[in-house]
>>> print(open('upload23.tsv').read())   # TSV, C-alpha atoms
chain	number	residue	atom	x	y	z
E	1	MET	CA	127.05	-79.09	-391.19
E	2	THR	CA	127.15	-81.83	-393.79
E	3	ASN	CA	126.88	-82.08	-397.52
E	4	GLY	CA	124.61	-84.51	-399.34
E	5	GLY	CA	127.21	-87.24	-399.13
E	6	GLY	CA	127.66	-87.03	-395.39
E	7	GLY	CA	130.93	-85.09	-395.29
E	8	LEU	CA	131.70	-81.86	-393.47
E	9	GLN	CA	130.63	-78.79	-395.43
E	10	ILE	CA	133.34	-76.14	-395.48
E	11	PRO	CA	132.02	-72.60	-394.85
E	12	LYS	CA	132.15	-70.23	-397.82
E	13	VAL	CA	134.34	-67.78	-395.93
E	14	ILE	CA	137.04	-70.45	-395.73
E	15	ARG	CA	136.60	-71.41	-399.37
E	16	ARG	CA	137.12	-67.78	-400.41
E	17	ALA	CA	140.35	-67.68	-398.43
E	18	VAL	CA	141.89	-70.62	-400.31
E	19	VAL	CA	143.62	-69.12	-403.37
E	20	ALA	CA	146.20	-70.60	-405.72
E	21	ASP	CA	149.66	-69.06	-406.02
E	22	PRO	CA	150.26	-66.72	-409.00
E	23	GLY	CA	150.49	-68.80	-412.16
E	24	TRP	CA	149.08	-71.86	-410.34
E	25	ARG	CA	145.61	-73.38	-410.18
E	26	LEU	CA	143.52	-75.49	-407.82
E	27	VAL	CA	142.14	-78.68	-409.35
E	28	VAL	CA	139.08	-79.44	-407.23
E	29	ALA	CA	137.51	-82.85	-407.80
E	30	ASP	CA	134.32	-84.23	-406.20
E	31	ALA	CA	133.54	-87.94	-406.40
E	32	ASP	CA	130.08	-88.31	-407.91
E	33	GLN	CA	127.49	-90.24	-405.86
E	34	MET	CA	130.13	-92.22	-404.02
E	35	GLU	CA	127.93	-94.09	-401.50
E	36	PRO	CA	125.65	-95.92	-403.97
E	37	ARG	CA	128.64	-96.74	-406.20
E	38	VAL	CA	130.49	-98.28	-403.29
E	39	LEU	CA	127.34	-100.13	-402.23
E	40	ALA	CA	127.02	-101.52	-405.75
E	41	ALA	CA	130.63	-102.70	-405.72
E	42	VAL	CA	130.59	-104.35	-402.29
E	43	SER	CA	127.14	-105.95	-402.59
E	44	ARG	CA	127.69	-107.17	-406.15
E	45	ASP	CA	124.04	-106.41	-406.83
E	46	PRO	CA	123.68	-106.90	-410.62
E	47	GLY	CA	121.07	-104.18	-411.09
E	48	LEU	CA	122.86	-101.55	-409.02
E	49	MET	CA	126.21	-102.38	-410.63
E	50	GLU	CA	124.62	-101.91	-414.02
E	51	VAL	CA	123.29	-98.43	-413.25
E	52	ALA	CA	126.54	-97.52	-411.44
E	53	GLY	CA	128.43	-98.42	-414.60
E	54	ARG	CA	126.52	-96.02	-416.80
E	55	GLU	CA	127.84	-92.60	-417.74
E	56	SER	CA	124.44	-91.08	-416.94
E	57	ASP	CA	123.30	-89.79	-413.53
E	58	LEU	CA	123.08	-92.70	-411.09
E	59	TYR	CA	120.20	-91.41	-408.96
E	60	GLN	CA	118.17	-90.73	-412.09
E	61	ALA	CA	118.79	-94.28	-413.28
E	62	VAL	CA	117.70	-95.66	-409.89
E	63	SER	CA	114.60	-93.48	-409.97
E	64	GLU	CA	113.58	-94.83	-413.37
E	65	ARG	CA	113.81	-98.38	-412.06
E	66	ALA	CA	112.17	-97.97	-408.67
E	67	PHE	CA	110.60	-94.53	-408.18
E	68	SER	CA	108.75	-93.64	-411.37
E	69	GLY	CA	111.44	-91.17	-412.40
E	70	ASP	CA	111.46	-89.22	-409.12
E	71	ARG	CA	115.19	-88.56	-408.72
E	72	ALA	CA	114.88	-86.78	-405.37
E	73	GLN	CA	112.98	-89.73	-403.92
E	74	ALA	CA	115.54	-92.17	-405.28
E	75	LYS	CA	118.41	-90.24	-403.69
E	76	LEU	CA	116.64	-90.15	-400.34
E	77	ALA	CA	115.97	-93.87	-400.56
E	78	VAL	CA	119.55	-94.86	-401.38
E	79	LEU	CA	121.10	-92.62	-398.73
E	80	GLY	CA	118.42	-93.71	-396.25
E	81	ALA	CA	119.39	-97.35	-396.82
E	82	VAL	CA	123.05	-96.51	-396.14
E	83	TYR	CA	122.49	-94.20	-393.18
E	84	GLY	CA	119.69	-96.14	-391.53
E	85	GLN	CA	116.46	-94.27	-392.26
E	86	THR	CA	114.29	-97.36	-391.98
E	87	SER	CA	111.06	-96.02	-390.47
E	88	GLY	CA	108.20	-93.94	-391.89
E	89	ASP	CA	108.87	-92.93	-395.51
E	90	GLY	CA	112.30	-94.51	-395.17
E	91	LEU	CA	110.71	-97.93	-394.66
E	92	LYS	CA	108.57	-97.50	-397.77
E	93	ASN	CA	111.59	-96.35	-399.79
E	94	LEU	CA	113.63	-99.28	-398.55
E	95	ALA	CA	110.92	-101.70	-399.68
E	96	ALA	CA	110.96	-100.17	-403.16
E	97	LEU	CA	114.75	-100.46	-403.31
E	98	ARG	CA	114.62	-104.04	-402.07
E	99	ARG	CA	112.34	-105.07	-404.92
E	100	ARG	CA	114.74	-103.70	-407.55
E	101	PHE	CA	118.12	-104.11	-405.85
E	102	PRO	CA	117.69	-107.00	-403.39
E	103	ARG	CA	121.37	-107.87	-402.93
E	104	ALA	CA	122.34	-104.27	-402.20
E	105	VAL	CA	119.66	-103.84	-399.55
E	106	ALA	CA	120.40	-107.25	-398.06
E	107	TYR	CA	124.06	-106.29	-397.73
E	108	VAL	CA	123.38	-103.29	-395.49
E	109	ASP	CA	120.52	-105.07	-393.71
E	110	ASP	CA	122.86	-107.94	-392.80
E	111	ALA	CA	125.44	-105.46	-391.51
E	112	ALA	CA	122.81	-103.71	-389.40
E	113	ARG	CA	121.65	-107.01	-387.94
E	114	ALA	CA	125.23	-107.93	-387.06
E	115	GLY	CA	125.68	-104.57	-385.35
E	116	GLU	CA	122.48	-104.94	-383.36
E	117	GLU	CA	123.66	-108.36	-382.17
E	118	GLY	CA	127.01	-106.92	-381.09
E	119	ARG	CA	128.99	-108.67	-383.81
E	120	LEU	CA	131.82	-107.02	-385.75
E	121	VAL	CA	131.45	-106.00	-389.38
E	122	ARG	CA	134.26	-105.28	-391.83
E	123	THR	CA	135.05	-103.00	-394.72
E	124	TRP	CA	135.63	-104.59	-398.11
E	125	LEU	CA	139.38	-104.70	-397.42
E	126	GLY	CA	138.90	-106.15	-393.96
E	127	ARG	CA	139.09	-103.33	-391.43
E	128	THR	CA	136.80	-104.01	-388.47
E	129	CYS	CA	134.31	-101.67	-386.88
E	130	PRO	CA	134.68	-100.84	-383.16
E	131	PRO	CA	133.18	-103.57	-380.95
E	132	ALA	CA	130.06	-102.87	-378.93
E	133	ALA	CA	130.59	-101.68	-375.38
E	134	GLY	CA	130.50	-104.81	-373.22
E	135	ALA	CA	131.56	-107.12	-376.05
E	136	GLY	CA	134.55	-108.35	-374.07
E	137	GLU	CA	138.28	-108.56	-374.63
E	138	ASP	CA	138.14	-111.03	-377.55
E	139	ALA	CA	136.09	-108.64	-379.70
E	140	ALA	CA	138.27	-105.70	-378.66
E	141	GLU	CA	141.42	-107.61	-379.58
E	142	GLU	CA	139.99	-108.56	-382.99
E	143	ALA	CA	139.18	-104.89	-383.63
E	144	GLY	CA	142.69	-103.85	-382.62
E	145	ILE	CA	141.74	-102.00	-379.43
E	146	PRO	CA	144.18	-102.38	-376.52
E	147	THR	CA	142.56	-103.82	-373.42
E	148	GLY	CA	143.50	-102.74	-369.94
E	149	ASP	CA	141.96	-101.75	-366.67
E	150	GLU	CA	138.99	-99.98	-368.24
E	151	ASN	CA	135.93	-102.23	-368.31
E	152	PRO	CA	133.79	-101.63	-371.42
E	153	SER	CA	130.96	-103.69	-369.92
E	154	GLU	CA	130.07	-100.92	-367.49
E	155	THR	CA	126.69	-99.31	-367.92
E	156	ARG	CA	127.93	-96.34	-369.98
E	157	GLN	CA	126.38	-96.16	-373.44
E	158	TRP	CA	129.73	-95.38	-375.05
E	159	VAL	CA	133.40	-95.62	-374.10
E	160	PRO	CA	136.40	-94.53	-376.21
E	161	GLY	CA	137.23	-97.09	-378.87
E	162	TYR	CA	133.88	-98.87	-378.60
E	163	ALA	CA	130.56	-98.56	-380.38
E	164	SER	CA	127.39	-97.55	-378.57
E	165	GLY	CA	125.83	-99.96	-376.10
E	166	ASP	CA	122.45	-99.28	-377.69
E	167	ALA	CA	121.54	-102.06	-380.15
E	168	ARG	CA	119.67	-99.85	-382.62
E	169	ALA	CA	122.46	-97.28	-382.67
E	170	ARG	CA	125.01	-100.05	-383.28
E	171	GLY	CA	122.88	-101.36	-386.12
E	172	ARG	CA	122.73	-97.96	-387.83
E	173	PHE	CA	126.47	-97.54	-387.35
E	174	ALA	CA	127.30	-100.97	-388.77
E	175	ARG	CA	124.98	-100.40	-391.76
E	176	ASN	CA	126.88	-97.22	-392.58
E	177	PHE	CA	130.31	-98.58	-391.71
E	178	VAL	CA	130.39	-101.30	-394.36
E	179	VAL	CA	129.76	-98.67	-397.06
E	180	GLN	CA	131.61	-95.60	-395.77
E	181	GLY	CA	134.50	-97.70	-394.45
E	182	SER	CA	134.83	-99.38	-397.84
E	183	ALA	CA	134.70	-95.94	-399.46
E	184	ALA	CA	137.63	-94.99	-397.23
E	185	ASP	CA	139.49	-98.12	-398.46
E	186	TRP	CA	139.00	-96.87	-402.01
E	187	ALA	CA	139.99	-93.29	-401.10
E	188	LEU	CA	143.29	-94.39	-399.55
E	189	LEU	CA	144.26	-96.22	-402.73
E	190	LEU	CA	143.09	-93.27	-404.83
E	191	LEU	CA	145.33	-90.89	-402.90
E	192	ALA	CA	148.28	-93.28	-403.10
E	193	ALA	CA	147.90	-93.57	-406.88
E	194	LEU	CA	147.52	-89.81	-407.25
E	195	ARG	CA	150.60	-89.12	-405.12
E	196	GLN	CA	152.60	-91.51	-407.26
E	197	THR	CA	151.51	-89.76	-410.46
E	198	CYS	CA	152.16	-86.29	-409.08
E	199	ALA	CA	155.63	-87.26	-407.84
E	200	SER	CA	157.07	-86.42	-411.26
E	201	MET	CA	155.22	-83.09	-411.44
E	202	ALA	CA	155.31	-79.82	-409.56
E	203	ALA	CA	151.70	-80.47	-408.52
E	204	GLU	CA	150.94	-80.87	-404.81
E	205	LEU	CA	148.11	-82.87	-403.24
E	206	VAL	CA	146.93	-80.38	-400.63
E	207	PHE	CA	143.52	-81.53	-399.38
E	208	PHE	CA	141.21	-84.51	-399.16
E	209	GLN	CA	137.92	-84.80	-397.31
E	210	HIS	CA	135.32	-87.55	-397.64
E	211	ASP	CA	134.76	-87.34	-401.40
E	212	GLU	CA	136.71	-84.24	-402.44
E	213	VAL	CA	140.35	-83.86	-403.41
E	214	ILE	CA	142.30	-80.67	-404.18
E	215	VAL	CA	145.58	-80.51	-406.07
E	216	HIS	CA	147.60	-77.27	-406.30
E	217	CYS	CA	149.54	-77.15	-409.55
E	218	PRO	CA	151.06	-74.86	-412.16
E	219	GLU	CA	148.46	-73.77	-414.70
E	220	GLU	CA	150.17	-75.74	-417.46
E	221	GLU	CA	149.84	-78.98	-415.44
E	222	ALA	CA	146.12	-78.64	-414.75
E	223	GLU	CA	144.92	-80.83	-417.60
E	224	ALA	CA	147.43	-83.54	-416.68
E	225	VAL	CA	146.23	-83.43	-413.07
E	226	VAL	CA	142.59	-83.78	-414.14
E	227	ALA	CA	143.56	-86.85	-416.17
E	228	ALA	CA	145.62	-88.21	-413.26
E	229	ILE	CA	142.64	-87.98	-410.89
E	230	ARG	CA	140.45	-89.86	-413.36
E	231	GLU	CA	143.07	-92.58	-413.87
E	232	ALA	CA	143.76	-92.87	-410.13
E	233	SER	CA	140.03	-93.30	-409.48
E	234	GLU	CA	139.77	-96.10	-412.03
E	235	LEU	CA	142.86	-97.84	-410.64
E	236	ALA	CA	141.64	-97.52	-407.05
E	237	GLY	CA	138.30	-99.02	-408.03
E	238	ARG	CA	139.98	-102.07	-409.56
E	239	LEU	CA	142.43	-102.52	-406.69
E	240	THR	CA	139.79	-102.12	-404.00
E	241	PHE	CA	136.79	-103.96	-405.40
E	242	GLY	CA	138.20	-106.13	-408.14
E	243	PRO	CA	136.63	-106.42	-411.60
E	244	THR	CA	133.21	-104.74	-411.60
E	245	PRO	CA	131.40	-102.51	-414.09
E	246	VAL	CA	131.06	-99.79	-411.42
E	247	ARG	CA	132.45	-96.39	-412.39
E	248	PHE	CA	133.87	-93.87	-409.88
E	249	PRO	CA	133.73	-90.58	-411.78
E	250	PHE	CA	134.64	-87.12	-410.53
E	251	THR	CA	133.24	-83.67	-411.25
E	252	THR	CA	136.36	-81.56	-411.64
E	253	ALA	CA	136.94	-77.81	-411.72
E	254	VAL	CA	140.14	-75.88	-412.41
E	255	VAL	CA	139.98	-72.60	-410.50
E	256	GLU	CA	142.10	-69.89	-408.91
E	257	CYS	CA	139.91	-69.70	-405.79
E	258	TYR	CA	138.40	-72.70	-403.98
E	259	ALA	CA	135.05	-70.89	-403.70
E	260	ASP	CA	134.75	-70.78	-407.51
E	261	ALA	CA	134.64	-74.59	-407.69
E	262	LYS	CA	131.14	-74.72	-406.16
>>> encode(input="upload23.tsv", output="structure tokens")
Amino acid sequence: MTNGGGGLQIPKVIRRAVVADPGWRLVVADADQMEPRVLAAVSRDPGLMEVAGRESDLYQAVSERAFSGDRAQAKLAVLGAVYGQTSGDGLKNLAALRRRFPRAVAYVDDAARAGEEGRLVRTWLGRTCPPAAGAGEDAAEEAGIPTGDENPSETRQWVPGYASGDARARGRFARNFVVQGSAADWALLLLAALRQTCASMAAELVFFQHDEVIVHCPEEEAEAVVAAIREASELAGRLTFGPTPVRFPFTTAVVECYADAK
């Protein structure tokens, strides 16, 4: 199961089982609309950076520019561009996005084309995607995959450490990789900054998944942890993507039980 952002959805029965210690709280923070914000930052699309820098809802802002105020359609279009829904309604949505946010769409289109051609793509901080099966030892070495007796050029569609041998599948993967991989770059710096802040507190960073972080802390530290998450997000954005107007806000809840945060 996945949530709207592509991450694993944790079953409610597990959420109900996660409870803070007596006198402690769980600070549960969800990054808001992470994929389009990362796409804005890496593509440097002026229009998308502008809406991603607003304090208002990003998908609503996109919808007002390209989808006559239809927020649901705008969300489908943006996520479709990132995840590779480029046929049927997805193709029509992509065309509407391209008219309003040409650099953003070109960024993922270029990545998809590179993937289809078997070329490597990189995250914003330079990590490479897995090479296509059959790409040869030079591509594997560039991607950091040890080469040995196994021959990736065999007819299998996929081998460990390599991307699919199917061109369209590689294109969809590469399109997503440049955004989600760059989001992971940002998340690693976010967690490092948050760990540094919490080092002087009793608070403990106990969970991170895709776009959600949980800190376990004494009740009296909860407000400081909420502020620390916000500051770590801002710092990670600057360190990862440089100076941009893009905001990386969180929706944060302070709860005793994880299930109460949703």
>>> closest_residue(input="upload23.tsv", among="E:Arg168, E:Arg44, E:Arg71, E:Arg175", to="Pro243 (chain E)", atoms="all atoms listed in the file")
E:Arg44
>>> residues_around(input="upload23.tsv", residues="Glu117 (chain E)", least_positions_apart="6", cutoff="9 Å", atoms="only C-alpha atoms", output="list in words")
Ala167, Arg170 and Gly171 of chain E
>>> atom_distance(input="upload23.tsv", atom1="CA of Pro218 (chain E)", atom2="CA of Leu194 (chain E)")
16.1 Å
>>> residues_around(input="upload23.tsv", residues="Ala193 (chain E)", least_positions_apart="2", cutoff="9 Å", atoms="all atoms listed in the file", output="list in words")
Leu188, Leu189, Leu190, Leu191, Arg195, Gln196, Thr197, Cys198, Ala228, Ile229, Glu231, Ala232, Ser233, Leu235 and Ala236 of chain E
>>> closest_residue(input="upload23.tsv", among="E:Val179, E:Met201, E:Ile14, E:Leu48", to="Ala61 (chain E)", atoms="only C-alpha atoms")
E:Leu48
>>> atom_distance(input="upload23.tsv", atom1="CA of Ser182 (chain E)", atom2="CA of Thr123 (chain E)")
4.8 Å
>>> closest_residue(input="upload23.tsv", among="E:Val82, E:Ala104, E:Ala187, E:Val215", to="Phe173 (chain E)", atoms="all atoms listed in the file")
E:Val82
>>> axis_aligned_box(input="upload23.tsv", around="region 203-215 of chain E", padding_each_side="3 Å", output="JSON")
{"center_x": 143.2, "center_y": -84.0, "center_z": -402.9, "size_x": 22.9, "size_y": 13.2, "size_z": 17.2}
>>> closest_atom_pairs(input="upload23.tsv", of="region 16-122 of chain E", to="region 248-252 of chain E", cutoff="10 Å", atoms="only C-alpha atoms", output="CSV")
residue,atom,partner,partner_atom,distance
E:Val27,CA,E:Thr252,CA,6.9
E:Val28,CA,E:Thr252,CA,5.6
E:Ala29,CA,E:Thr252,CA,4.2
E:Asp30,CA,E:Thr251,CA,5.2
E:Ala31,CA,E:Phe250,CA,4.4
E:Asp32,CA,E:Phe250,CA,5.4
E:Gln33,CA,E:Phe248,CA,8.4
E:Met34,CA,E:Phe248,CA,7.1
E:Arg37,CA,E:Phe248,CA,7.0
E:Val38,CA,E:Phe248,CA,8.6
E:Ala52,CA,E:Phe248,CA,8.3
E:Gly53,CA,E:Phe248,CA,8.5
E:Glu55,CA,E:Pro249,CA,8.6
>>> closest_residue(input="upload23.tsv", among="E:Val18, E:Val13, E:Glu35, E:Asp110", to="Phe207 (chain E)", atoms="only C-alpha atoms")
E:Val18
>>> residues_around(input="upload23.tsv", residues="Leu125 (chain E)", least_positions_apart="5", cutoff="9 Å", atoms="all atoms listed in the file", output="PyMOL selection string")
chain E and resi 182+185+240-241
>>> atom_distance(input="upload23.tsv", atom1="CA of Ala192 (chain E)", atom2="CA of Tyr258 (chain E)")
22.8 Å
>>> closest_residue(input="upload23.tsv", among="E:Ala72, E:Glu223, E:Met49, E:Val108", to="Arg122 (chain E)", atoms="only C-alpha atoms")
E:Val108
>>> closest_residue(input="upload23.tsv", among="E:Pro130, E:Pro245, E:Gly115, E:Gly84", to="Glu50 (chain E)", atoms="all atoms listed in the file")
E:Pro245
>>> residues_around(input="upload23.tsv", residues="Lys262 (chain E)", least_positions_apart="5", cutoff="10 Å", atoms="only C-alpha atoms", output="JSON, numbers by chain")
{"E": [12, 15, 28, 253]}
